[in-house]
Each structure stands twice: as structure tokens, then as C-alpha cells.
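Shown next: start-v4.cif, given as mmCIF, C-alpha atoms.
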data_start
#
loop_
_atom_site.label_atom_id
_atom_site.label_comp_id
_atom_site.auth_asym_id
_atom_site.auth_seq_id
_atom_site.Cartn_x
_atom_site.Cartn_y
_atom_site.Cartn_z
CA MET A 9 12.22 37.14 -74.25
CA LYS A 10 11.91 35.70 -70.74
CA ILE A 11 10.78 32.19 -70.45
CA GLN A 12 8.78 31.32 -67.33
CA LEU A 13 8.87 27.74 -66.14
CA ASN A 14 5.86 26.30 -64.34
CA ARG A 15 7.32 24.62 -61.27
CA GLN A 16 4.90 22.55 -59.30
CA LYS A 17 5.30 22.56 -55.52
CA LYS A 18 6.04 19.08 -54.35
CA GLY A 19 4.26 17.98 -51.13
CA PHE A 20 4.49 14.84 -49.02
CA THR A 21 2.98 11.73 -50.49
CA LEU A 22 0.51 9.69 -48.46
CA ILE A 23 3.13 7.01 -47.87
CA GLU A 24 5.65 9.56 -46.60
CA LEU A 25 3.08 11.02 -44.19
CA MET A 26 2.25 7.56 -42.90
CA VAL A 27 5.95 6.82 -42.30
CA VAL A 28 6.39 10.10 -40.38
CA ILE A 29 3.30 9.39 -38.26
CA ALA A 30 4.52 5.86 -37.53
CA ILE A 31 7.94 7.16 -36.43
CA LEU A 32 6.36 9.77 -34.15
CA ALA A 33 4.03 7.17 -32.66
CA SER A 34 6.95 4.83 -31.97
CA LEU A 35 8.93 7.59 -30.26
CA ALA A 36 5.91 8.52 -28.15
CA ALA A 37 5.37 4.89 -27.13
CA VAL A 38 9.01 4.50 -26.10
CA GLY A 39 9.05 7.70 -24.05
CA TYR A 40 5.56 7.57 -22.51
CA GLY A 41 6.28 4.95 -19.81
CA PRO A 42 9.44 6.51 -18.34
CA ILE A 43 7.98 10.01 -18.51
CA MET A 44 4.77 8.99 -16.74
CA GLU A 45 6.69 6.96 -14.14
CA HIS A 46 8.80 9.95 -13.17
CA MET A 47 5.69 12.16 -13.08
CA ASN A 48 4.48 9.73 -10.40
CA ASP A 49 7.61 10.18 -8.25
CA GLY A 50 5.94 12.65 -5.88
CA ASP A 51 3.04 10.29 -5.15
CA ARG A 52 5.40 7.37 -4.49
CA GLN A 53 7.54 9.51 -2.21
CA GLN A 54 4.47 10.58 -0.25
CA ALA A 55 3.41 6.94 0.20
CA SER A 56 6.89 5.98 1.40
CA GLN A 57 7.11 8.88 3.84
CA ASN A 58 3.62 8.22 5.22
CA LEU A 59 4.51 4.58 5.84
CA GLY A 60 7.49 5.76 7.88
CA GLN A 61 5.21 8.01 9.92
CA ILE A 62 2.75 5.15 10.46
CA GLN A 63 5.59 2.98 11.79
CA LYS A 64 6.47 5.64 14.36
CA LEU A 65 2.85 5.80 15.51
CA LEU A 66 2.69 2.01 15.71
CA LEU A 67 5.96 1.85 17.66
CA THR A 68 4.68 4.39 20.21
CA PHE A 69 1.44 2.43 20.53
CA ASN A 70 3.39 -0.79 21.07
CA GLN A 71 5.55 0.81 23.76
CA GLU A 72 2.51 2.09 25.64
CA ASN A 73 0.27 -0.96 25.23
CA GLY A 74 2.69 -3.88 25.05
CA ALA A 75 1.53 -4.82 21.55
CA TYR A 76 0.82 -3.36 18.14
CA PRO A 77 -2.89 -2.84 17.34
CA CYS A 78 -4.64 -6.19 17.41
CA ASP A 79 -7.88 -7.70 18.70
CA ALA A 80 -6.67 -7.72 22.31
CA THR A 81 -5.67 -4.05 22.29
CA ALA A 82 -9.01 -3.18 20.69
CA ASP A 83 -10.84 -4.86 23.57
CA ALA A 84 -8.60 -3.12 26.12
CA LEU A 85 -9.23 0.31 24.60
CA LEU A 86 -12.99 -0.22 24.66
CA GLU A 87 -12.91 -1.46 28.26
CA ASP A 88 -10.96 1.57 29.45
CA GLU A 89 -13.49 4.01 30.94
CA ARG A 90 -11.26 6.93 29.97
CA ASN A 91 -12.01 6.16 26.32
CA SER A 92 -15.77 6.01 26.74
CA GLU A 93 -16.24 9.50 25.31
CA TYR A 94 -14.52 8.56 22.05
CA ASN A 95 -16.04 6.82 19.07
CA PHE A 96 -13.63 6.60 16.17
CA GLY A 97 -15.32 3.56 14.60
CA GLU A 98 -14.71 -0.18 14.57
CA LEU A 99 -11.33 -1.13 16.08
CA LYS A 100 -10.99 -4.66 14.68
CA GLY A 101 -12.28 -6.50 11.65
CA ASP A 102 -11.28 -7.41 8.11
CA LYS A 103 -10.00 -3.97 7.09
CA ALA A 104 -6.76 -2.21 7.99
CA ASN A 105 -8.75 0.94 8.73
CA CYS A 106 -10.12 -0.73 11.87
CA TYR A 107 -6.72 -1.43 13.43
CA PHE A 108 -5.26 1.93 12.41
CA ARG A 109 -8.16 3.64 14.21
CA GLN A 110 -6.71 2.37 17.48
CA LEU A 111 -3.84 4.79 16.94
CA PHE A 112 -6.21 7.72 17.39
CA TYR A 113 -6.50 6.80 21.08
CA LYS A 114 -2.72 7.16 21.41
CA GLY A 115 -0.38 9.54 19.60
CA ASN A 116 -2.95 11.94 18.14
CA PRO A 117 -2.30 11.21 14.44
CA THR A 118 -3.93 12.99 11.52
CA GLU A 119 -5.86 11.21 8.78
CA SER A 120 -3.49 12.61 6.16
CA THR A 121 -0.79 10.25 7.50
CA PHE A 122 -2.73 7.30 6.08
CA PHE A 123 -3.27 8.82 2.64
CA ALA A 124 -1.56 7.79 -0.59
CA LYS A 125 -2.68 9.03 -3.98
CA HIS A 126 -3.99 6.22 -6.14
CA GLY A 127 -7.24 4.68 -7.30
CA GLY A 128 -9.94 4.44 -4.67
CA THR A 129 -8.45 6.90 -2.21
CA LYS A 130 -9.84 10.31 -1.33
CA GLU A 131 -8.47 13.33 0.46
CA PRO A 132 -9.09 12.89 4.22
CA ASP A 133 -11.75 15.17 5.69
CA GLY A 134 -10.17 15.40 9.17
CA LYS A 135 -13.35 14.20 10.90
CA PHE A 136 -12.90 11.69 13.74
CA ALA A 137 -16.01 11.82 15.94
CA ASN A 138 -19.07 9.62 15.58
CA GLY A 139 -17.24 6.82 13.80
CA GLN A 140 -15.81 9.02 11.03
CA ALA A 141 -12.10 8.28 11.51
CA LEU A 142 -10.52 6.66 8.45
CA THR A 143 -13.73 6.04 6.58
CA LYS A 144 -13.78 4.36 3.15
CA GLY A 145 -10.99 5.69 0.93
CA GLU A 146 -9.15 7.61 3.68
CA ASN A 147 -6.57 4.89 4.29
CA ALA A 148 -4.38 3.45 1.53
CA PHE A 149 -2.25 0.96 3.49
CA ALA A 150 -2.58 -2.71 4.44
CA TYR A 151 -1.80 -3.87 7.98
CA VAL A 152 -0.10 -7.04 9.22
CA LEU A 153 -1.30 -9.29 12.06
CA ARG A 154 -0.63 -12.83 13.24
CA LYS A 155 -3.25 -15.56 13.21
CA GLU A 156 -5.13 -16.46 16.35
CA SER A 157 -3.09 -18.60 18.73
CA SER A 158 -3.98 -22.24 19.36
CA ASN A 159 -2.94 -21.79 22.99
CA PRO A 160 -6.11 -21.38 25.09
CA ASP A 161 -4.19 -19.27 27.61
CA ASP A 162 -3.48 -16.59 24.99
CA ALA A 163 -5.87 -13.71 24.31
CA PRO A 164 -8.37 -14.68 21.60
CA GLY A 165 -8.39 -13.13 18.15
CA ARG A 166 -5.76 -11.87 15.76
CA ARG A 167 -2.48 -11.13 17.46
CA SER A 168 0.16 -8.44 17.27
CA VAL A 169 3.28 -9.05 15.22
CA ALA A 170 6.54 -9.40 17.13
CA GLY A 171 10.26 -9.32 16.47
CA THR A 172 12.78 -6.70 15.42
CA SER A 173 12.40 -7.10 11.65
CA THR A 174 8.82 -8.06 10.87
CA PRO A 175 6.53 -6.43 8.28
CA LEU A 176 3.99 -4.04 9.77
CA ALA A 177 2.30 -2.45 6.76
CA PHE A 178 2.31 -2.41 2.96
CA SER A 179 1.22 -0.08 0.17
CA CYS A 180 -0.44 -1.08 -3.12
CA VAL A 181 -2.24 -4.14 -1.72
CA PRO A 182 -5.58 -4.61 -3.53
CA SER A 183 -8.63 -4.16 -1.32
CA THR A 184 -10.34 -7.49 -0.62
CA MET A 185 -13.22 -8.70 1.51
CA THR A 186 -11.13 -11.62 2.82
CA PRO A 187 -7.67 -10.82 4.24
CA TYR A 188 -4.57 -12.31 2.62
CA THR A 189 -2.17 -14.65 4.34
CA GLY A 190 1.50 -13.74 4.01
CA ASP A 191 2.22 -16.45 1.44
CA LYS A 192 -0.71 -15.33 -0.77
CA LEU A 193 -0.10 -11.57 -0.62
CA MET A 194 -0.50 -9.69 -3.91
CA PHE A 195 0.19 -6.13 -5.05
CA ASN A 196 -1.46 -3.94 -7.66
CA ARG A 197 0.98 -3.38 -10.55
CA ASP A 198 -1.12 -0.52 -11.93
CA LEU A 199 -0.30 1.66 -8.91
CA PHE A 200 3.03 3.50 -8.92
CA TYR A 201 4.21 1.55 -11.99
CA ALA A 202 4.78 -1.75 -10.15
CA HIS A 203 6.44 -0.07 -7.16
CA ALA A 204 5.16 -1.07 -3.70
CA PHE A 205 6.39 -0.22 -0.22
CA MET A 206 6.81 -2.13 3.02
CA VAL A 207 7.61 -0.88 6.52
CA LYS A 208 9.00 -3.19 9.21
CA THR A 209 9.10 -3.06 12.98
CA ASP A 210 12.69 -1.78 12.80
CA GLY A 211 11.47 1.35 10.98
CA SER A 212 12.92 0.47 7.57
CA VAL A 213 10.82 1.42 4.53
CA THR A 214 11.59 -0.72 1.47
CA ASP A 215 10.63 -0.29 -2.18
CA LEU A 216 9.67 -3.84 -3.16
CA LYS A 217 9.73 -3.42 -6.95
CA GLU A 218 12.88 -5.51 -7.38
CA LYS A 219 11.48 -8.18 -5.02
CA LEU A 220 8.24 -8.66 -6.96
CA THR A 221 7.32 -10.56 -10.09
CA GLU A 222 4.24 -10.51 -12.29
CA HIS A 223 1.47 -12.87 -11.22
CA ALA A 224 1.34 -15.92 -13.51
CA GLU A 225 -2.41 -15.64 -14.09
CA ASP A 226 -3.06 -11.90 -13.69
CA ASP A 227 -0.70 -9.37 -15.28
CA THR A 228 -2.24 -6.56 -13.22
CA LYS A 229 -0.93 -8.12 -9.99
CA SER A 230 2.52 -8.78 -8.50
CA VAL A 231 3.65 -11.41 -6.00
CA PHE A 232 6.92 -11.97 -4.15
CA ASP A 233 9.73 -13.63 -6.09
CA LYS A 234 9.84 -17.34 -5.29
CA ASP A 235 13.16 -16.94 -3.45
CA TYR A 236 12.06 -13.97 -1.33
CA THR A 237 9.83 -13.48 1.68
CA PRO A 238 9.86 -10.56 4.13
CA PHE A 239 8.41 -12.72 6.90
CA PRO A 240 10.81 -14.26 9.42
CA GLU A 241 11.77 -17.94 9.46
CA THR A 242 11.71 -20.08 12.58
CA LYS A 243 14.95 -21.29 14.13
CA LYS A 244 14.41 -24.55 12.25
CA GLY A 245 14.04 -22.69 8.96
CA ARG A 246 10.26 -22.95 8.57
CA ASP A 247 8.59 -20.26 6.47
CA THR A 248 6.19 -18.40 8.77
CA SER A 249 4.44 -16.35 6.05
CA PRO A 250 1.22 -18.47 6.20
CA ASP A 251 0.94 -17.52 9.90
CA TYR A 252 0.49 -13.82 9.07
CA ILE A 253 -2.74 -12.08 8.08
CA ILE A 254 -2.73 -8.93 5.96
CA VAL A 255 -5.91 -6.89 6.24
CA THR A 256 -6.37 -4.54 3.30
CA PRO A 257 -7.48 -0.90 3.13
CA ASP A 258 -11.15 -0.11 2.64
CA LEU A 259 -11.18 1.32 -0.91
#

Represent the supplied structure as C-alpha cells.
Amino acid sequence: MKIQLNRQKKGFTLIELMVVIAILASLAAVGYGPIMEHMNDGDRQQASQNLGQIQKLLLTFNQENGAYPCDATADALLEDERNSEYNFGELKGDKANCYFRQLFYKGNPTESTFFAKHGGTKEPDGKFANGQALTKGENAFAYVLRKESSNPDDAPGRRSVAGTSTPLAFSCVPSTMTPYTGDKLMFNRDLFYAHAFMVKTDGSVTDLKEKLTEHAEDDTKSVFDKDYTPFPETKKGRDTSPDYIIVTPDL
């Protein structure tokens, strides 16, 4: 006589399932940040490369006009009768877009040069005429100027930067209505996973991530480490960063 044994199939208990789910969630949390950061590599590389291209355009402009885009060069471009047929939009103001528009009078850039993929930007439409160059969202980069001179003999308005190793433009600077000064400059940590880029007059493009620290009162923003500034010192060692104005992109 055969004896059949009733064997019950044993499944996972509720506690065991909860432990498995917790382990999987922990693994996902650990791996999510690095995975997403590397998925963003292409966007960061595009921003870095575009900044290098912008520097070349700015250098050519400086060589032809004796200054980088500033209020004086804006006035000169508008006074030149040869430019009367063009209307790319405002050429000076509180947004970087204004000063970058001056480059369209020299060098024949494309709007795609000023694009970086992050919040607030849009794919450029390639339209320049009738004030449509670098409209809202078509430029992702901040631009650096010097404050107006106190010397009455100097041209009025915001001045061109100078020197062989001076910041010209930055990525990941939050759009503001009022421009930053160099000592108050902030970066958006949510873009490119706390990476940010800077291009200088010498053509160098620097990833600033290791030079930045989290803002003490806003964990979504970064500021320069207390021992670092990209702005030049005077011969007497004075920090010149308050003398610089950073106009932000129109986003």
C-alpha cells in the first residue's frame, strides 16, 4: 500500500517579502545617483564644448572691436550705418542674451552654439531677424562684465573684461532679474548634478564642481569655496570679484 504525504508548498512570509523589497530599494537608491549622473554626461559635454565655441566667437569679436561685448560696443554697433539693416534684438541690458546678440554682427554664429540642455532652455529655432535672435530659453550661459568706471573719461556703462585669464562666461547660473556680482555668484546644483563650467579669456574651459560648495542657506545652490575665486587679484592682493557683473541667461 502506497502512502501519500500531503506536502504543503511553502511561500514567502510577509516579513520575508518586506525584507526583500527593502534590500532592492536600498540597492536602487545607491545606484540611482551614479547611473543618472553618467546618463547626463552627453549634456554636460555639449555645454562644455559650446562654452569653448562661445569663447572663440568672443575672442574674434574682441580682436575686431577692441573689447568683448559691452555697453560701448553695443552703442558702436548701432551707430554703424552698415548695421542699420539688422535687428537682432536688444544689445545690452540685464540678460546675457543681449550681449551675446552682438556676436551676430561679427562671426556669423548659430543659435545652437548658445544651447545647453537643462531646465528652462528650448531648442533654438534659427530665427535672427526682427529681434528674434536668442529669445527666451535659447541661451543657457551667463556672461561676465565689469562695473561702470568711475573715471568720467571712460565710456559709460558696463565695461568689457580684460586680462589673459579672466572669466568670460559660466553655465548653470540661475536666471535672475538683477545681475550677480562676482563675489555673490551662485550656481544651480540641480543642473548636471552639481557640475558647472567656466570659460576664461585664455580659452580654458573648467569644470567647477570641485571648486564649489553647497550654499549654507539653500541646498539647491552652490557657491565658490571660501578659498577660491576665479577673478583676478590686484597687484596689492585685493579681491576684484565685487567689481565684476554676471548677467544671467533669460530662462

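Between Pro187 in chain A and the residues A:Thr129, A:Tyr151, A:Cys106, A:Pro77, the shortest atom-to-atom distance, using all atoms listed in the file, involves A:Tyr151.
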
Open item on the list: Going by the chain IDs and residue numbers used in this file, which residues fall under the PyMOL selection byres ((chain A and resi 118) around 12)? Write them as a PyMOL selection string.
Closed with: chain A and resi 58+61-62+65+108-109+111-117+119-123+131-136+141-142+146-147

Open item on the list: For this structure, which residues satisfy the selection - the PyMOL selection byres ((chain A and resi 154-158) around 7) - when it is evaluated on the file as given? I want them as a PyMOL selection string.
Closed with: chain A and resi 153+159-160+162+164-169+251-253

Open item on the list: Calculated over only C-alpha atoms, which of the candidates A:Val152, A:Lys125, A:Glu222, A:Asp79 has the smallest distance to Thr189 in chain A?
Closed with: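 The shortest atom-to-atom distance to Thr189 in chain A comes from A:Val152.
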
Open item on the list: Expand the PyMOL selection byres ((chain A and resi 232) around 12) into the explicit residue set it covers here, and present it as a PyMOL selection string.
Closed with: chain A and resi 190-195+204+216-224+229-231+233-239+249

TODO: Would you kindly return, as a PyMOL selection string, each protein, DNA or RNA residue with an atom no farther than 10 Å from any atom of range 85-88 of chain A, considering only C-alpha atoms and excluding same-chain residues fewer than 6 positions away?
DONE: chain A and resi 73+94-95+99+110+113-114

Task: Proximity to Cys180 in chain A - best of A:Asp210, A:Lys244, A:Ile31, A:Ser56, only C-alpha atoms - done: A:Ser56

- [ ] Between A:Glu241, A:Glu89, A:Asp226, A:Asp83, single out the one closest to Asn196 in chain A, counting all atoms listed in the file.
- [x]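 Distance minimum relative to Asn196 in chain A lands on A:Asp226.
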
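Nearest residue to Asn70 in chain A, choosing from A:Ala170, A:Ala202, A:Val255, A:Thr21 and counting all atoms listed in the file: A:Ala170.
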
TODO: Tell me which of A:Pro240, A:Gly101, A:Gly74, A:Gly50 sits closest to Thr174 in chain A, counting all atoms listed in the file.
DONE: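 That would be A:Pro240, the residue with the smallest distance to Thr174 in chain A.
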
Task: Atom-to-atom span, CA of Leu59 in chain A and CA of Asp215 in chain A, Å - done: 11.2 Å

Please produce range 195-206 of chain A, completed to all heavy atoms, as a PDB file, in the frame of the given file.
ATOM      1  N   PHE A 195       0.078  -7.578  -4.923  1.00  0.00           N
ATOM      2  CA  PHE A 195       0.190  -6.130  -5.050  1.00  0.00           C
ATOM      3  C   PHE A 195      -0.385  -5.701  -6.402  1.00  0.00           C
ATOM      4  O   PHE A 195      -0.353  -6.462  -7.373  1.00  0.00           O
ATOM      5  CB  PHE A 195       1.652  -5.680  -4.948  1.00  0.00           C
ATOM      6  CG  PHE A 195       2.298  -6.041  -3.648  1.00  0.00           C
ATOM      7  CD1 PHE A 195       2.894  -7.286  -3.472  1.00  0.00           C
ATOM      8  CD2 PHE A 195       2.307  -5.147  -2.586  1.00  0.00           C
ATOM      9  CE1 PHE A 195       3.483  -7.630  -2.277  1.00  0.00           C
ATOM     10  CE2 PHE A 195       2.891  -5.492  -1.378  1.00  0.00           C
ATOM     11  CZ  PHE A 195       3.482  -6.725  -1.223  1.00  0.00           C
ATOM     12  N   ASN A 196      -0.886  -4.487  -6.436  1.00  0.00           N
ATOM     13  CA  ASN A 196      -1.460  -3.940  -7.660  1.00  0.00           C
ATOM     14  C   ASN A 196      -0.359  -3.314  -8.504  1.00  0.00           C
ATOM     15  O   ASN A 196       0.239  -2.321  -8.112  1.00  0.00           O
ATOM     16  CB  ASN A 196      -2.533  -2.903  -7.302  1.00  0.00           C
ATOM     17  CG  ASN A 196      -3.382  -2.527  -8.488  1.00  0.00           C
ATOM     18  OD1 ASN A 196      -2.925  -2.561  -9.631  1.00  0.00           O
ATOM     19  ND2 ASN A 196      -4.625  -2.157  -8.237  1.00  0.00           N
ATOM     20  N   ARG A 197      -0.085  -3.888  -9.671  1.00  0.00           N
ATOM     21  CA  ARG A 197       0.980  -3.380 -10.550  1.00  0.00           C
ATOM     22  C   ARG A 197       0.607  -2.050 -11.198  1.00  0.00           C
ATOM     23  O   ARG A 197       1.483  -1.317 -11.667  1.00  0.00           O
ATOM     24  CB  ARG A 197       1.299  -4.395 -11.649  1.00  0.00           C
ATOM     25  CG  ARG A 197       1.957  -5.660 -11.148  1.00  0.00           C
ATOM     26  CD  ARG A 197       2.253  -6.615 -12.291  1.00  0.00           C
ATOM     27  NE  ARG A 197       3.219  -6.061 -13.234  1.00  0.00           N
ATOM     28  CZ  ARG A 197       4.534  -6.130 -13.077  1.00  0.00           C
ATOM     29  NH1 ARG A 197       5.037  -6.719 -12.004  1.00  0.00           N
ATOM     30  NH2 ARG A 197       5.343  -5.627 -13.983  1.00  0.00           N
ATOM     31  N   ASP A 198      -0.685  -1.754 -11.271  1.00  0.00           N
ATOM     32  CA  ASP A 198      -1.120  -0.520 -11.930  1.00  0.00           C
ATOM     33  C   ASP A 198      -0.857   0.718 -11.076  1.00  0.00           C
ATOM     34  O   ASP A 198      -0.930   1.843 -11.574  1.00  0.00           O
ATOM     35  CB  ASP A 198      -2.618  -0.591 -12.256  1.00  0.00           C
ATOM     36  CG  ASP A 198      -2.928  -1.677 -13.279  1.00  0.00           C
ATOM     37  OD1 ASP A 198      -2.016  -2.023 -14.054  1.00  0.00           O
ATOM     38  OD2 ASP A 198      -4.066  -2.175 -13.286  1.00  0.00           O
ATOM     39  N   LEU A 199      -0.575   0.532  -9.798  1.00  0.00           N
ATOM     40  CA  LEU A 199      -0.300   1.660  -8.910  1.00  0.00           C
ATOM     41  C   LEU A 199       1.201   1.906  -8.854  1.00  0.00           C
ATOM     42  O   LEU A 199       1.982   0.982  -8.651  1.00  0.00           O
ATOM     43  CB  LEU A 199      -0.825   1.364  -7.511  1.00  0.00           C
ATOM     44  CG  LEU A 199      -2.309   0.991  -7.407  1.00  0.00           C
ATOM     45  CD1 LEU A 199      -2.662   0.695  -5.958  1.00  0.00           C
ATOM     46  CD2 LEU A 199      -3.189   2.087  -7.953  1.00  0.00           C
ATOM     47  N   PHE A 200       1.615   3.129  -9.056  1.00  0.00           N
ATOM     48  CA  PHE A 200       3.030   3.500  -8.920  1.00  0.00           C
ATOM     49  C   PHE A 200       3.950   2.703  -9.850  1.00  0.00           C
ATOM     50  O   PHE A 200       5.099   2.452  -9.542  1.00  0.00           O
ATOM     51  CB  PHE A 200       3.498   3.341  -7.474  1.00  0.00           C
ATOM     52  CG  PHE A 200       2.715   4.134  -6.469  1.00  0.00           C
ATOM     53  CD1 PHE A 200       2.585   3.686  -5.163  1.00  0.00           C
ATOM     54  CD2 PHE A 200       2.114   5.334  -6.822  1.00  0.00           C
ATOM     55  CE1 PHE A 200       1.860   4.414  -4.230  1.00  0.00           C
ATOM     56  CE2 PHE A 200       1.396   6.066  -5.883  1.00  0.00           C
ATOM     57  CZ  PHE A 200       1.271   5.603  -4.589  1.00  0.00           C
ATOM     58  N   TYR A 201       3.391   2.249 -10.993  1.00  0.00           N
ATOM     59  CA  TYR A 201       4.210   1.550 -11.990  1.00  0.00           C
ATOM     60  C   TYR A 201       4.987   0.387 -11.397  1.00  0.00           C
ATOM     61  O   TYR A 201       6.202   0.283 -11.544  1.00  0.00           O
ATOM     62  CB  TYR A 201       5.124   2.532 -12.712  1.00  0.00           C
ATOM     63  CG  TYR A 201       4.339   3.467 -13.605  1.00  0.00           C
ATOM     64  CD1 TYR A 201       3.811   4.645 -13.092  1.00  0.00           C
ATOM     65  CD2 TYR A 201       4.093   3.149 -14.926  1.00  0.00           C
ATOM     66  CE1 TYR A 201       3.053   5.492 -13.894  1.00  0.00           C
ATOM     67  CE2 TYR A 201       3.339   3.985 -15.740  1.00  0.00           C
ATOM     68  CZ  TYR A 201       2.824   5.151 -15.218  1.00  0.00           C
ATOM     69  OH  TYR A 201       2.060   5.990 -16.004  1.00  0.00           O
ATOM     70  N   ALA A 202       4.265  -0.494 -10.720  1.00  0.00           N
ATOM     71  CA  ALA A 202       4.780  -1.750 -10.150  1.00  0.00           C
ATOM     72  C   ALA A 202       5.636  -1.539  -8.909  1.00  0.00           C
ATOM     73  O   ALA A 202       6.159  -2.500  -8.348  1.00  0.00           O
ATOM     74  CB  ALA A 202       5.544  -2.586 -11.181  1.00  0.00           C
ATOM     75  N   HIS A 203       5.785  -0.304  -8.436  1.00  0.00           N
ATOM     76  CA  HIS A 203       6.440  -0.070  -7.160  1.00  0.00           C
ATOM     77  C   HIS A 203       5.452  -0.406  -6.032  1.00  0.00           C
ATOM     78  O   HIS A 203       4.226  -0.250  -6.178  1.00  0.00           O
ATOM     79  CB  HIS A 203       6.878   1.383  -7.014  1.00  0.00           C
ATOM     80  CG  HIS A 203       7.998   1.778  -7.928  1.00  0.00           C
ATOM     81  ND1 HIS A 203       9.318   1.746  -7.543  1.00  0.00           N
ATOM     82  CD2 HIS A 203       7.985   2.216  -9.213  1.00  0.00           C
ATOM     83  CE1 HIS A 203      10.082   2.154  -8.545  1.00  0.00           C
ATOM     84  NE2 HIS A 203       9.299   2.446  -9.573  1.00  0.00           N
ATOM     85  N   ALA A 204       5.957  -0.854  -4.906  1.00  0.00           N
ATOM     86  CA  ALA A 204       5.160  -1.070  -3.700  1.00  0.00           C
ATOM     87  C   ALA A 204       6.095  -0.913  -2.513  1.00  0.00           C
ATOM     88  O   ALA A 204       7.301  -1.163  -2.629  1.00  0.00           O
ATOM     89  CB  ALA A 204       4.526  -2.458  -3.703  1.00  0.00           C
ATOM     90  N   PHE A 205       5.546  -0.512  -1.379  1.00  0.00           N
ATOM     91  CA  PHE A 205       6.390  -0.220  -0.220  1.00  0.00           C
ATOM     92  C   PHE A 205       5.998  -1.060   0.979  1.00  0.00           C
ATOM     93  O   PHE A 205       4.833  -1.406   1.165  1.00  0.00           O
ATOM     94  CB  PHE A 205       6.312   1.265   0.130  1.00  0.00           C
ATOM     95  CG  PHE A 205       6.822   2.164  -0.962  1.00  0.00           C
ATOM     96  CD1 PHE A 205       5.945   2.774  -1.839  1.00  0.00           C
ATOM     97  CD2 PHE A 205       8.180   2.379  -1.120  1.00  0.00           C
ATOM     98  CE1 PHE A 205       6.399   3.586  -2.859  1.00  0.00           C
ATOM     99  CE2 PHE A 205       8.661   3.185  -2.137  1.00  0.00           C
ATOM    100  CZ  PHE A 205       7.769   3.800  -3.009  1.00  0.00           C
ATOM    101  N   MET A 206       7.006  -1.362   1.789  1.00  0.00           N
ATOM    102  CA  MET A 206       6.810  -2.130   3.020  1.00  0.00           C
ATOM    103  C   MET A 206       7.546  -1.439   4.156  1.00  0.00           C
ATOM    104  O   MET A 206       8.672  -0.962   3.975  1.00  0.00           O
ATOM    105  CB  MET A 206       7.378  -3.541   2.834  1.00  0.00           C
ATOM    106  CG  MET A 206       7.499  -4.375   4.112  1.00  0.00           C
ATOM    107  SD  MET A 206       8.305  -5.982   3.820  1.00  0.00           S
ATOM    108  CE  MET A 206       9.975  -5.461   3.389  1.00  0.00           C
TER     109      MET A 206
END
